[in-house]
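A.B. asks: Sharing a structure, written as structure tokens. Questions coming.
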Amino acid sequence: MIARVVVPIPLDKAFDYTVPEAMQSSIQVGSRVVVPFGRRILTGLVVELSNEERDVTRLKAVSDVLDTRPSLTEEMLTLTRWIADYYMCGWGEVIRATLPSGIDFRNTYTVHFSATENASAALNESTKELLHTLRMHDGSTLDALQKIDKTISLTTLRRLEQAGYVRLESALKKPAVRIKKARHLTLVSSIPNQQSLEELKTEVRGPQQHAVLHTLYDLQQEGSEIPSVSETLARSGASSSTVKSLEKRGMLRIVEKEVLRTPLGDMPTNPPKPPIHTLHTAQVQALERIHTAIAASRFETFLLHGVTGSGKTEVYIAALKDVQKQGKTGIVLVPEISLTPQTVTRFRAHFGDVIAVLHSRMSPGERYDAWRALRSGRFPIVIGPRSAILAPLENIGLIIVDEEHEGSYKQFDPAPRYHARDVAVMRASMNKAVCILGSATPSLESFSNARIQKKYTYLSMPERVPVPGKTAAPLPAVRTIDLTLEKKKKQLTGVLSKPLKEAIGQRLAKEEQIILLQNRRGYSSVLLCQTCGWSPMCDDCAVTLTYHKVQHHLRCHYCGKTQKIMRKCGNCGGTDLSRLGAGTQRVEEEIEAHFPTARLLRMDLDTTSTKNAHHKILSQFERREADILIGTQMVAKGLDFGRVTLVGVINADAGMLLPDFRADERTFQLLTQVAGRAGRASRPGEVLLQTRNPQHPVLQYAINHNYELFAKNALEQRNTLQYPPFGRLVRIEFKGPEEGMLEKLSGEWARHLPQVAGIQVLGPQPALISKIKKQYRFHVILKASKKITHNTLRELVAQASKRAKSLPKGYRMAIDIDAVSLF
Ligand code: ADP
Ligand code: ZN
Ligand code: ZN
């Protein structure tokens with residue numbers, strides 16, 4: 001028997017191994033196996049088994065089969081294969097992403113000292129010291145040695161091995177995470193009634209042993225047939241030696257049972273019963289369509305376009321109950337930032353403990369347990385961020401992607417660089433399941449798939465859920481404050497305009513709450529006319545040019561074209577061109593100076609770096625321990641505070657000036673989301689946008705809550721420039737320690753790319769963020785028209801990579817299909 005095995009390496013290749021006789025009955029497609037791989041030992045996954053007769057003399061044998069039940073189902077094998085094909089990465093890399101980390105067997109080395117005193121005489125001091133350490137710890141594993149001395153590496157040891165000082169021996173390293181177990185008790189013969197308990201008691205002596213039997217009887221009466229040892233001891237007051245002697249006498253057995261580690265910790269296990277709403281008309285209409293597809297078990301994707309507060313979540317819950325009744329399972333994807341206790345509690349209130357919660361801050365043990373529980377069918381519903389789309393559920397009936405426009409659904413590092421929304425649609429189709437993509441501001445990709453391509457069914461919920469006795473809560477009034485006008489009136493001294501300060505003062509006086517948004521990311525590198533708000537753009541790519549201080553020029557970081565820095569504004573001729581500035585801290589300082597008694601909270605990358613910080617800040621604000629919340633785009637999403645009546649956006653233009661072809665789309669989404677925060681309860685809300693471009697169409701669309709018009713215009717622009725959804729983007733990123741070398745490597749790669757009509761090659765050139773953690777970054781962007789098939793695209797990229805010289809040590813290349821971030 002031959003097993004085809006995939007291992008977690010970047011190469012998209014599978015390797016054949018023979019299966020020893022003894023393992024042939026247990027090995028299955030989808031099983032994890034331990035295999036020798038070069039000088040290493042790896043955990044791989046069986047993707048194919050065959051009994052064909054062929055020459056196997058050159059094949060190595062599988063060393064061990066790890067699973068009694070395959071880790072991956074047929075469906076997951078198909079899905080992971082598709083992901084590897086589509087996103088151009090190793091199948092093993094995708095498989096690794098679907099399995100919890102830390103369960104792999106890996107190889108390590110034991111190091112045996114074998115040098116003589118004399119031989120070391122000519123060595124330098126540090127090597128002598130190292131040899132001394134190795135002799136002291138003769139026979140230790142590499143990992144143990146590295147704990148003693150961090151500088152010891154496999155390379156150093158290999159060198160010493162060649163010189164004859166040490167001998168390396170390959171050894172297996174156990175997985176980092178294990179199944180957690182607890183000891184439990186069962187009685188060998190049951191005690192049906194009080195009388196048999198008394199009879200049993202005559203067989204043993206001592207009050208402690210009697211107490212244990214009593215306790216076991218009681219627990220059994222209470223329905224606990226196999227209580228844990230610790231509970232039995234605590235209740236009977238006996239010691240563990242008593243239990244042991246009872247075991248020795250053959251009266252009871254000790255068995256080990258698995259314990260599930262859960263991240264839910266202090267969450268209430270039985271949240272109060274949720275209110276059962278009578279769904280309003282739009283919800284009913286949407287659900288009818290969804291219900292029909294679910295009932296017919298047919299694949300259909302719905303784009304649920306509903307304004308914030310229109311009751312989308314209620315629709316998700318009703319649809320999930322539908323598939324639950326069918327005995328099928330469901331996946332709910334939410335952006336990590338929305339995975340708040342509020343959301344989780346809401347779902348758990350409806351589904352109790354059959355819903356598993358995944359998030360990115362789980363410990364490896366918790367992750368492992370959650371995976372095993374899901375794999376065993378213990379939880380038919382799972383809610384989690386991006387990676388939850390790879391959860392090992394079977395018989396999937398429904399996949400929901402909430403806030404489907406969110407960029408965080410795209411994975412970048414490590415591979416696979418998949419888009420969870422697109423994988424969701426694919427996985428739903430493989431399962432003949434229903435997929436619901438929900439958003440108040442759908443991505444242009446999904447919108448076009450629904451309205452132009454008609455691939456998705458479009459469902460609309462244009463109004464907020466009506467408050468009883470009233471008409472639908474109105475969307476908040478949005479007003480702009482023209483900063484250039486304020487400046488002319490000499491009323492703009494800092495970052496806060498006079499009208500905004502006045503509005504803040506009024507809300508503070510009424511003890512209402514305020515959110516201030518300062519979206520700063522990466523825009524200080526953009527030039528801006530302080531008089532009219534104009535910014536220089538690349539004519540070819542429709543993105544803002546970035547300012548490079550050192551070379552003193554402007555550059556388009558898509559196509560690489562450079563321009564001299566102009567002295568005059570290209571729109572009004574004004575000379576006051578300068579870079580943008582001022583982050584959240586600056587806003588905080590100004591508020592403090594102006595409203596010394598106001599209580600402030602700040603939420604940005606600095607204040608949310610620790611675990612739970614994000615949640616802590618939000619709940620403080622919710623408990624009204626602060627009047628003003630200042631933050632980056634983090635504050636805009638998924639929150640619902642009844643007391644917030646004013647939302648101020650410090651610089652509504654900032655997002656639009658990002659050198660990104662999606663800048664308009666992101667700004668529209670952000671402003672719409674943030675506007676949705678104000679006045680959600682009975683108090684009417686107001687949104688103030690500070691801008692230098694009050695007439696900018698995107699701002700106008702956001703102010704008028706006009707998604708349709710925004711989408712129509714944005715799609716026209718995308719079409720002209722062949723951006724998604726009218727074309728596809730592939731970004732090839734090169735990373736490494738030396739800039740010159742990177743330029744050479746990326747240039748060579750691009751030169752080897754076959755020229756094909758319909759594919760435009762932009763670059764290579766430095767990425768916008770040209771250096772991260774001492775690593776320089778270069779990229780090449782491929783813009784492919786819709787006519788180019790995925791196979792052609794893949795073929796081209798593969799050819800260039802094959803023909804170009806392989807990368808030297810320390811340099812990396814990453815292929816990002818359908819890249820979302822082009823920074
Ligand atoms: P979305 O997900 O679109 O933001 P939600 O589903 O969270 O909207 O609904 C907003 C609020 O309205 C929630 O507090 C929810 O409990 C409530 N709600 C939703 N549907 C109804 C309904 N049919 N009747 C009454 N209240 C509803
Ligand atoms: Zn100007
Ligand atoms: Zn350009």
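Residues are named by chain letter and number: chains run A, B, ... in the order of the structure tokens, numbers start at 1 in each chain, and ligands are numbered from 1 in the order shown.
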Could you give me, as CSV, a per-residue list for chain A showing, wherever an atom lies at most 10 Å from an atom of ligand 1, the closest pair of atoms and their distance in Å to one decimal, using only C-alpha atoms and all ligand atoms and sorting by chain then residue number from low to high?

C.D. replies:
```
residue,atom,partner,partner_atom_place_in_ligand_line,distance
A:Pro274,CA,ligand 1,16 (O),8.7
A:Pro275,CA,ligand 1,16 (O),7.5
A:Ile276,CA,ligand 1,24 (N),8.1
A:His277,CA,ligand 1,24 (N),4.5
A:Thr278,CA,ligand 1,23 (N),4.9
A:Leu279,CA,ligand 1,23 (N),3.5
A:His280,CA,ligand 1,23 (N),4.7
A:Thr281,CA,ligand 1,23 (N),8.3
A:Ala282,CA,ligand 1,23 (N),9.1
A:Gln283,CA,ligand 1,23 (N),7.1
A:Val284,CA,ligand 1,23 (N),8.8
A:Leu304,CA,ligand 1,3 (O),9.4
A:His305,CA,ligand 1,3 (O),8.9
A:Gly306,CA,ligand 1,3 (O),5.9
A:Val307,CA,ligand 1,3 (O),6.1
A:Thr308,CA,ligand 1,4 (O),4.1
A:Gly309,CA,ligand 1,4 (O),3.5
A:Ser310,CA,ligand 1,3 (O),4.0
A:Gly311,CA,ligand 1,6 (O),3.1
A:Lys312,CA,ligand 1,3 (O),3.7
A:Thr313,CA,ligand 1,6 (O),3.6
A:Glu314,CA,ligand 1,6 (O),4.4
A:Val315,CA,ligand 1,6 (O),7.0
A:Tyr316,CA,ligand 1,6 (O),8.2
A:Ile317,CA,ligand 1,6 (O),8.8
A:Thr343,CA,ligand 1,7 (O),8.9
A:Arg346,CA,ligand 1,16 (O),8.9
A:Asp402,CA,ligand 1,2 (O),8.4
A:Glu403,CA,ligand 1,2 (O),9.2
A:Gly438,CA,ligand 1,3 (O),8.5
A:Ser439,CA,ligand 1,3 (O),7.9
A:Ala440,CA,ligand 1,3 (O),7.5
A:Met461,CA,ligand 1,3 (O),8.4
A:Pro462,CA,ligand 1,3 (O),9.9
A:Glu463,CA,ligand 1,3 (O),9.3
A:Arg464,CA,ligand 1,10 (C),7.4
A:Val465,CA,ligand 1,12 (O),5.4
A:Pro466,CA,ligand 1,25 (C),7.0
A:Val467,CA,ligand 1,25 (C),7.1
A:Pro468,CA,ligand 1,25 (C),7.7
A:Gly638,CA,ligand 1,4 (O),7.5
A:Leu639,CA,ligand 1,4 (O),9.0
A:Asp640,CA,ligand 1,14 (O),8.5
A:Gly676,CA,ligand 1,4 (O),9.0
A:Arg680,CA,ligand 1,11 (C),8.8
A:Ala681,CA,ligand 1,14 (O),9.4
```

A.B. asks: Could you pull the residues within 7 Å of region 808-816 of chain A, counting only C-alpha atoms, minus those fewer than 2 positions along the same chain, as a PyMOL selection string?

C.D. replies: chain A and resi 417+730-736+806+818-819

A.B. asks: Could I get the residue neighbourhood of ligand 3 at 12 Å, counting only C-alpha atoms and all ligand atoms, as a PyMOL selection string?

C.D. replies: chain A and resi 536-546+554-563+659-661+721+760-765+781

A.B. asks: Residues within 6 Å of ligand 2 should be enumerated using only C-alpha atoms and all ligand atoms and returned as number ranges by chain.

C.D. replies: A: 529, 531-534, 569, 571-574

A.B. asks: Need the shell around region 322-332 of chain A: protein/DNA/RNA residues with any atom at most 9 Å away, counting only C-alpha atoms. Skip same-chain ones fewer than 3 positions apart. Format as a PDB file with N, CA, C and O atoms, in the first residue's frame?

C.D. replies:
```pdb
ATOM      1  N   HIS A 291     -35.344  31.024   3.554  1.00  0.00           N
ATOM      2  CA  HIS A 291     -35.985  29.788   3.984  1.00  0.00           C
ATOM      3  C   HIS A 291     -36.217  28.838   2.803  1.00  0.00           C
ATOM      4  O   HIS A 291     -35.975  27.639   2.885  1.00  0.00           O
ATOM      5  N   ILE A 294     -33.020  27.160   1.913  1.00  0.00           N
ATOM      6  CA  ILE A 294     -32.626  26.189   2.939  1.00  0.00           C
ATOM      7  C   ILE A 294     -33.489  24.931   2.819  1.00  0.00           C
ATOM      8  O   ILE A 294     -32.983  23.803   2.841  1.00  0.00           O
ATOM      9  N   ALA A 295     -34.786  25.138   2.666  1.00  0.00           N
ATOM     10  CA  ALA A 295     -35.699  23.996   2.582  1.00  0.00           C
ATOM     11  C   ALA A 295     -35.382  23.121   1.378  1.00  0.00           C
ATOM     12  O   ALA A 295     -35.503  21.905   1.436  1.00  0.00           O
ATOM     13  N   TYR A 316     -30.154  36.430  10.778  1.00  0.00           N
ATOM     14  CA  TYR A 316     -29.153  35.357  10.881  1.00  0.00           C
ATOM     15  C   TYR A 316     -29.640  34.286  11.850  1.00  0.00           C
ATOM     16  O   TYR A 316     -29.556  33.084  11.584  1.00  0.00           O
ATOM     17  N   ILE A 317     -30.117  34.762  13.011  1.00  0.00           N
ATOM     18  CA  ILE A 317     -30.519  33.828  14.064  1.00  0.00           C
ATOM     19  C   ILE A 317     -31.688  32.957  13.602  1.00  0.00           C
ATOM     20  O   ILE A 317     -31.683  31.737  13.777  1.00  0.00           O
ATOM     21  N   ALA A 318     -32.659  33.588  12.951  1.00  0.00           N
ATOM     22  CA  ALA A 318     -33.817  32.827  12.465  1.00  0.00           C
ATOM     23  C   ALA A 318     -33.389  31.800  11.410  1.00  0.00           C
ATOM     24  O   ALA A 318     -33.862  30.655  11.416  1.00  0.00           O
ATOM     25  N   ALA A 319     -32.466  32.198  10.522  1.00  0.00           N
ATOM     26  CA  ALA A 319     -32.005  31.276   9.478  1.00  0.00           C
ATOM     27  C   ALA A 319     -31.230  30.108  10.096  1.00  0.00           C
ATOM     28  O   ALA A 319     -31.375  28.955   9.683  1.00  0.00           O
ATOM     29  N   PHE A 379     -20.498  20.540  18.738  1.00  0.00           N
ATOM     30  CA  PHE A 379     -21.101  21.854  18.506  1.00  0.00           C
ATOM     31  C   PHE A 379     -21.551  21.985  17.055  1.00  0.00           C
ATOM     32  O   PHE A 379     -20.714  22.064  16.170  1.00  0.00           O
ATOM     33  N   PRO A 380     -22.831  22.000  16.807  1.00  0.00           N
ATOM     34  CA  PRO A 380     -23.277  22.149  15.415  1.00  0.00           C
ATOM     35  C   PRO A 380     -23.192  23.580  14.891  1.00  0.00           C
ATOM     36  O   PRO A 380     -23.369  23.810  13.702  1.00  0.00           O
ATOM     37  N   ILE A 381     -22.931  24.541  15.781  1.00  0.00           N
ATOM     38  CA  ILE A 381     -22.825  25.920  15.308  1.00  0.00           C
ATOM     39  C   ILE A 381     -21.526  26.516  15.832  1.00  0.00           C
ATOM     40  O   ILE A 381     -21.150  26.287  16.982  1.00  0.00           O
ATOM     41  N   VAL A 382     -20.846  27.260  14.991  1.00  0.00           N
ATOM     42  CA  VAL A 382     -19.618  27.898  15.441  1.00  0.00           C
ATOM     43  C   VAL A 382     -19.646  29.354  15.027  1.00  0.00           C
ATOM     44  O   VAL A 382     -20.119  29.703  13.948  1.00  0.00           O
ATOM     45  N   ILE A 383     -19.177  30.214  15.950  1.00  0.00           N
ATOM     46  CA  ILE A 383     -19.062  31.633  15.623  1.00  0.00           C
ATOM     47  C   ILE A 383     -17.612  32.026  15.842  1.00  0.00           C
ATOM     48  O   ILE A 383     -16.995  31.627  16.831  1.00  0.00           O
ATOM     49  N   GLY A 384     -17.049  32.745  14.912  1.00  0.00           N
ATOM     50  CA  GLY A 384     -15.649  33.110  15.065  1.00  0.00           C
ATOM     51  C   GLY A 384     -15.181  34.017  13.948  1.00  0.00           C
ATOM     52  O   GLY A 384     -15.939  34.304  13.019  1.00  0.00           O
ATOM     53  N   PRO A 385     -13.935  34.467  14.038  1.00  0.00           N
ATOM     54  CA  PRO A 385     -13.389  35.324  12.992  1.00  0.00           C
ATOM     55  C   PRO A 385     -12.954  34.491  11.784  1.00  0.00           C
ATOM     56  O   PRO A 385     -13.165  33.280  11.750  1.00  0.00           O
ATOM     57  N   ALA A 388     -12.527  30.707  11.295  1.00  0.00           N
ATOM     58  CA  ALA A 388     -13.646  29.800  11.600  1.00  0.00           C
ATOM     59  C   ALA A 388     -14.248  29.209  10.325  1.00  0.00           C
ATOM     60  O   ALA A 388     -14.957  28.207  10.381  1.00  0.00           O
ATOM     61  N   ILE A 389     -13.945  29.802   9.180  1.00  0.00           N
ATOM     62  CA  ILE A 389     -14.464  29.251   7.922  1.00  0.00           C
ATOM     63  C   ILE A 389     -13.831  27.881   7.652  1.00  0.00           C
ATOM     64  O   ILE A 389     -14.347  27.085   6.879  1.00  0.00           O
ATOM     65  N   ALA A 391     -13.432  25.632  10.044  1.00  0.00           N
ATOM     66  CA  ALA A 391     -13.810  24.762  11.167  1.00  0.00           C
ATOM     67  C   ALA A 391     -14.278  23.401  10.651  1.00  0.00           C
ATOM     68  O   ALA A 391     -14.929  23.319   9.614  1.00  0.00           O
ATOM     69  N   LEU A 393     -16.630  21.293  10.621  1.00  0.00           N
ATOM     70  CA  LEU A 393     -18.027  20.897  10.745  1.00  0.00           C
ATOM     71  C   LEU A 393     -18.401  20.006   9.574  1.00  0.00           C
ATOM     72  O   LEU A 393     -17.848  20.131   8.491  1.00  0.00           O
ATOM     73  N   GLU A 394     -19.360  19.131   9.814  1.00  0.00           N
ATOM     74  CA  GLU A 394     -19.864  18.318   8.718  1.00  0.00           C
ATOM     75  C   GLU A 394     -21.322  18.676   8.487  1.00  0.00           C
ATOM     76  O   GLU A 394     -21.980  19.211   9.372  1.00  0.00           O
ATOM     77  N   ASN A 395     -21.805  18.384   7.279  1.00  0.00           N
ATOM     78  CA  ASN A 395     -23.209  18.588   6.977  1.00  0.00           C
ATOM     79  C   ASN A 395     -23.627  20.057   7.147  1.00  0.00           C
ATOM     80  O   ASN A 395     -24.599  20.375   7.826  1.00  0.00           O
ATOM     81  N   ILE A 396     -22.867  20.936   6.544  1.00  0.00           N
ATOM     82  CA  ILE A 396     -23.120  22.371   6.696  1.00  0.00           C
ATOM     83  C   ILE A 396     -24.353  22.799   5.898  1.00  0.00           C
ATOM     84  O   ILE A 396     -24.501  22.458   4.724  1.00  0.00           O
ATOM     85  N   GLY A 397     -25.229  23.535   6.560  1.00  0.00           N
ATOM     86  CA  GLY A 397     -26.426  24.011   5.890  1.00  0.00           C
ATOM     87  C   GLY A 397     -26.403  25.509   5.630  1.00  0.00           C
ATOM     88  O   GLY A 397     -27.084  26.007   4.746  1.00  0.00           O
ATOM     89  N   LEU A 398     -25.615  26.232   6.446  1.00  0.00           N
ATOM     90  CA  LEU A 398     -25.646  27.691   6.345  1.00  0.00           C
ATOM     91  C   LEU A 398     -24.303  28.297   6.751  1.00  0.00           C
ATOM     92  O   LEU A 398     -23.698  27.886   7.736  1.00  0.00           O
ATOM     93  N   ILE A 399     -23.855  29.262   5.962  1.00  0.00           N
ATOM     94  CA  ILE A 399     -22.667  30.032   6.348  1.00  0.00           C
ATOM     95  C   ILE A 399     -23.036  31.506   6.289  1.00  0.00           C
ATOM     96  O   ILE A 399     -23.580  31.979   5.287  1.00  0.00           O
ATOM     97  N   ILE A 400     -22.764  32.202   7.394  1.00  0.00           N
ATOM     98  CA  ILE A 400     -23.099  33.621   7.470  1.00  0.00           C
ATOM     99  C   ILE A 400     -21.800  34.417   7.564  1.00  0.00           C
ATOM    100  O   ILE A 400     -20.909  34.069   8.328  1.00  0.00           O
ATOM    101  N   VAL A 401     -21.693  35.458   6.763  1.00  0.00           N
ATOM    102  CA  VAL A 401     -20.535  36.352   6.883  1.00  0.00           C
ATOM    103  C   VAL A 401     -21.078  37.727   7.221  1.00  0.00           C
ATOM    104  O   VAL A 401     -21.641  38.416   6.368  1.00  0.00           O
ATOM    105  N   ASP A 402     -20.935  38.111   8.494  1.00  0.00           N
ATOM    106  CA  ASP A 402     -21.445  39.410   8.909  1.00  0.00           C
ATOM    107  C   ASP A 402     -20.418  40.479   8.576  1.00  0.00           C
ATOM    108  O   ASP A 402     -19.219  40.223   8.643  1.00  0.00           O
TER     109      ASP A 402
END
```

A.B. asks: Mind checking which residues fall within 10 Å of Arg135 (chain A), counting only C-alpha atoms, ignoring those fewer than 6 positions away in the same chain, and posting them as a list in words?

C.D. replies: Val111, His112, Phe113, Ser114, Ala115, Glu129, Tyr165 and Val166 of chain A

A.B. asks: Which of region 570-721 of chain A end up as helix (DSSP H, G or I) when DSSP is run on this backbone - answer as a count of residues only?

C.D. replies: 66

A.B. asks: DSSP on the backbone, strand (DSSP E) only: what residues of region 15-146 of chain A does that give? Format it as a ChimeraX atom specification.

C.D. replies: /A:15-18,32-37,40-50,64-65,106-113,140-141

A.B. asks: Which polymer residues have any atom within 12 Å of an atom of Ile772 (chain A), counting only C-alpha atoms, with same-chain residues fewer than 4 positions away left out, as a list of chain:residue names?

C.D. replies: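 Skipping anything fewer than 4 positions along the chain leaves A:Lys735, A:Gly736, A:Pro737, A:Pro766, A:Ala767, A:Leu768, A:Tyr776, A:Arg777, A:Phe778, A:Phe823.
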
A.B. asks: Check the smallest atom-to-atom distance from each of A:Val47, A:Val94, A:Val587, A:Ile630 to Leu601 (chain A) using only C-alpha atoms, then report the winner.

C.D. replies: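 The answer is A:Ile630, which sits nearest to Leu601 (chain A).
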
A.B. asks: For Gln518 (chain A), which residue out of A:Pro476, A:His548, A:Gln530, A:Leu689 is the nearest one, using only C-alpha atoms?

C.D. replies: A:Leu689

A.B. asks: Show which residues sit within 12 Å of Tyr707 (chain A), as an NGL selection string. Count only C-alpha atoms, and ignore same-chain residues fewer than 3 positions away.

C.D. replies: :A and (305-307 or 439-444 or 447 or 460 or 462 or 665 or 668-669 or 671-673 or 697-704 or 710-715)

A.B. asks: Using the selection just defined, write its residues with N, CA and C atoms as a compact mmCIF listing (two decimals), in the first residue's frame.

C.D. replies:
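Full text of selection-v4.txt as output:
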```txt
# COMPACT_ATOMS: atom_id res chain seq x y z
N HIS A 305 -28.37 43.33 2.37
CA HIS A 305 -27.95 44.72 2.47
C HIS A 305 -28.94 45.44 3.39
N GLY A 306 -28.53 45.64 4.64
CA GLY A 306 -29.45 46.27 5.59
C GLY A 306 -28.72 47.31 6.41
N VAL A 307 -29.31 48.48 6.56
CA VAL A 307 -28.64 49.54 7.32
C VAL A 307 -28.39 49.08 8.76
N SER A 439 -24.29 43.16 5.28
CA SER A 439 -23.56 44.41 5.49
C SER A 439 -24.49 45.60 5.30
N ALA A 440 -24.13 46.70 5.97
CA ALA A 440 -24.83 47.96 5.71
C ALA A 440 -24.19 48.66 4.52
N THR A 441 -22.95 48.29 4.24
CA THR A 441 -22.20 48.91 3.15
C THR A 441 -21.46 47.82 2.40
N PRO A 442 -22.17 47.03 1.59
CA PRO A 442 -21.52 45.88 0.94
C PRO A 442 -20.28 46.29 0.15
N SER A 443 -19.33 45.36 0.08
CA SER A 443 -18.16 45.60 -0.75
C SER A 443 -18.65 45.72 -2.19
N LEU A 444 -17.90 46.46 -2.99
CA LEU A 444 -18.33 46.64 -4.39
C LEU A 444 -18.29 45.31 -5.13
N PHE A 447 -21.55 43.62 -4.15
CA PHE A 447 -22.66 44.36 -4.72
C PHE A 447 -22.78 44.06 -6.22
N SER A 460 -32.81 43.48 0.59
CA SER A 460 -32.57 44.81 1.12
C SER A 460 -33.43 45.08 2.35
N PRO A 462 -33.84 48.49 4.10
CA PRO A 462 -33.39 49.88 4.08
C PRO A 462 -33.72 50.69 5.33
N GLU A 665 -14.10 53.79 -1.20
CA GLU A 665 -14.99 52.77 -0.66
C GLU A 665 -14.85 52.67 0.85
N PHE A 668 -16.35 55.73 2.56
CA PHE A 668 -17.81 55.67 2.57
C PHE A 668 -18.29 54.69 3.64
N GLN A 669 -17.66 53.53 3.69
CA GLN A 669 -18.05 52.53 4.69
C GLN A 669 -17.86 53.06 6.10
N LEU A 671 -17.58 56.17 7.24
CA LEU A 671 -18.48 57.27 7.61
C LEU A 671 -19.90 56.76 7.83
N THR A 672 -20.31 55.82 7.01
CA THR A 672 -21.65 55.27 7.18
C THR A 672 -21.75 54.51 8.50
N GLN A 673 -20.71 53.73 8.79
CA GLN A 673 -20.72 52.96 10.05
C GLN A 673 -20.74 53.89 11.25
N PRO A 697 -17.94 64.00 -3.68
CA PRO A 697 -19.10 63.12 -3.85
C PRO A 697 -19.21 62.04 -2.77
N VAL A 698 -18.08 61.46 -2.38
CA VAL A 698 -18.15 60.38 -1.39
C VAL A 698 -18.74 60.87 -0.08
N LEU A 699 -18.35 62.08 0.33
CA LEU A 699 -18.92 62.64 1.56
C LEU A 699 -20.41 62.89 1.37
N GLN A 700 -20.76 63.40 0.22
CA GLN A 700 -22.16 63.68 -0.05
C GLN A 700 -23.00 62.40 0.00
N TYR A 701 -22.49 61.33 -0.62
CA TYR A 701 -23.22 60.05 -0.57
C TYR A 701 -23.39 59.58 0.86
N ALA A 702 -22.31 59.71 1.65
CA ALA A 702 -22.37 59.23 3.03
C ALA A 702 -23.37 60.06 3.83
N ILE A 703 -23.34 61.38 3.62
CA ILE A 703 -24.24 62.27 4.34
C ILE A 703 -25.69 61.93 4.04
N ASN A 704 -25.96 61.64 2.78
CA ASN A 704 -27.34 61.34 2.39
C ASN A 704 -27.68 59.86 2.52
N PHE A 710 -23.47 55.99 -4.54
CA PHE A 710 -22.05 55.78 -4.29
C PHE A 710 -21.54 54.60 -5.12
N ALA A 711 -22.28 53.48 -5.04
CA ALA A 711 -21.82 52.26 -5.71
C ALA A 711 -21.80 52.45 -7.22
N LYS A 712 -22.81 53.10 -7.74
CA LYS A 712 -22.90 53.30 -9.19
C LYS A 712 -21.66 54.06 -9.67
N ASN A 713 -21.35 55.15 -9.00
CA ASN A 713 -20.20 55.95 -9.42
C ASN A 713 -18.88 55.24 -9.23
N ALA A 714 -18.74 54.62 -8.06
CA ALA A 714 -17.48 53.94 -7.77
C ALA A 714 -17.25 52.80 -8.76
N LEU A 715 -18.32 52.09 -9.11
CA LEU A 715 -18.17 50.97 -10.03
C LEU A 715 -17.77 51.47 -11.43
```

A.B. asks: What's around region 588-591 of chain A at 8 Å? Count only C-alpha atoms, leave out sequence neighbours fewer than 6 positions away in its own chain, and write the answer as a ChimeraX atom specification.

C.D. replies: /A:494-496,600,602,630

A.B. asks: Please report the interatomic distance between CA of Lys744 (chain A) and CA of Leu782 (chain A) in Å with one decimal.

C.D. replies: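 Pair CA of Lys744 (chain A) / CA of Leu782 (chain A) returns 18.1 Å.
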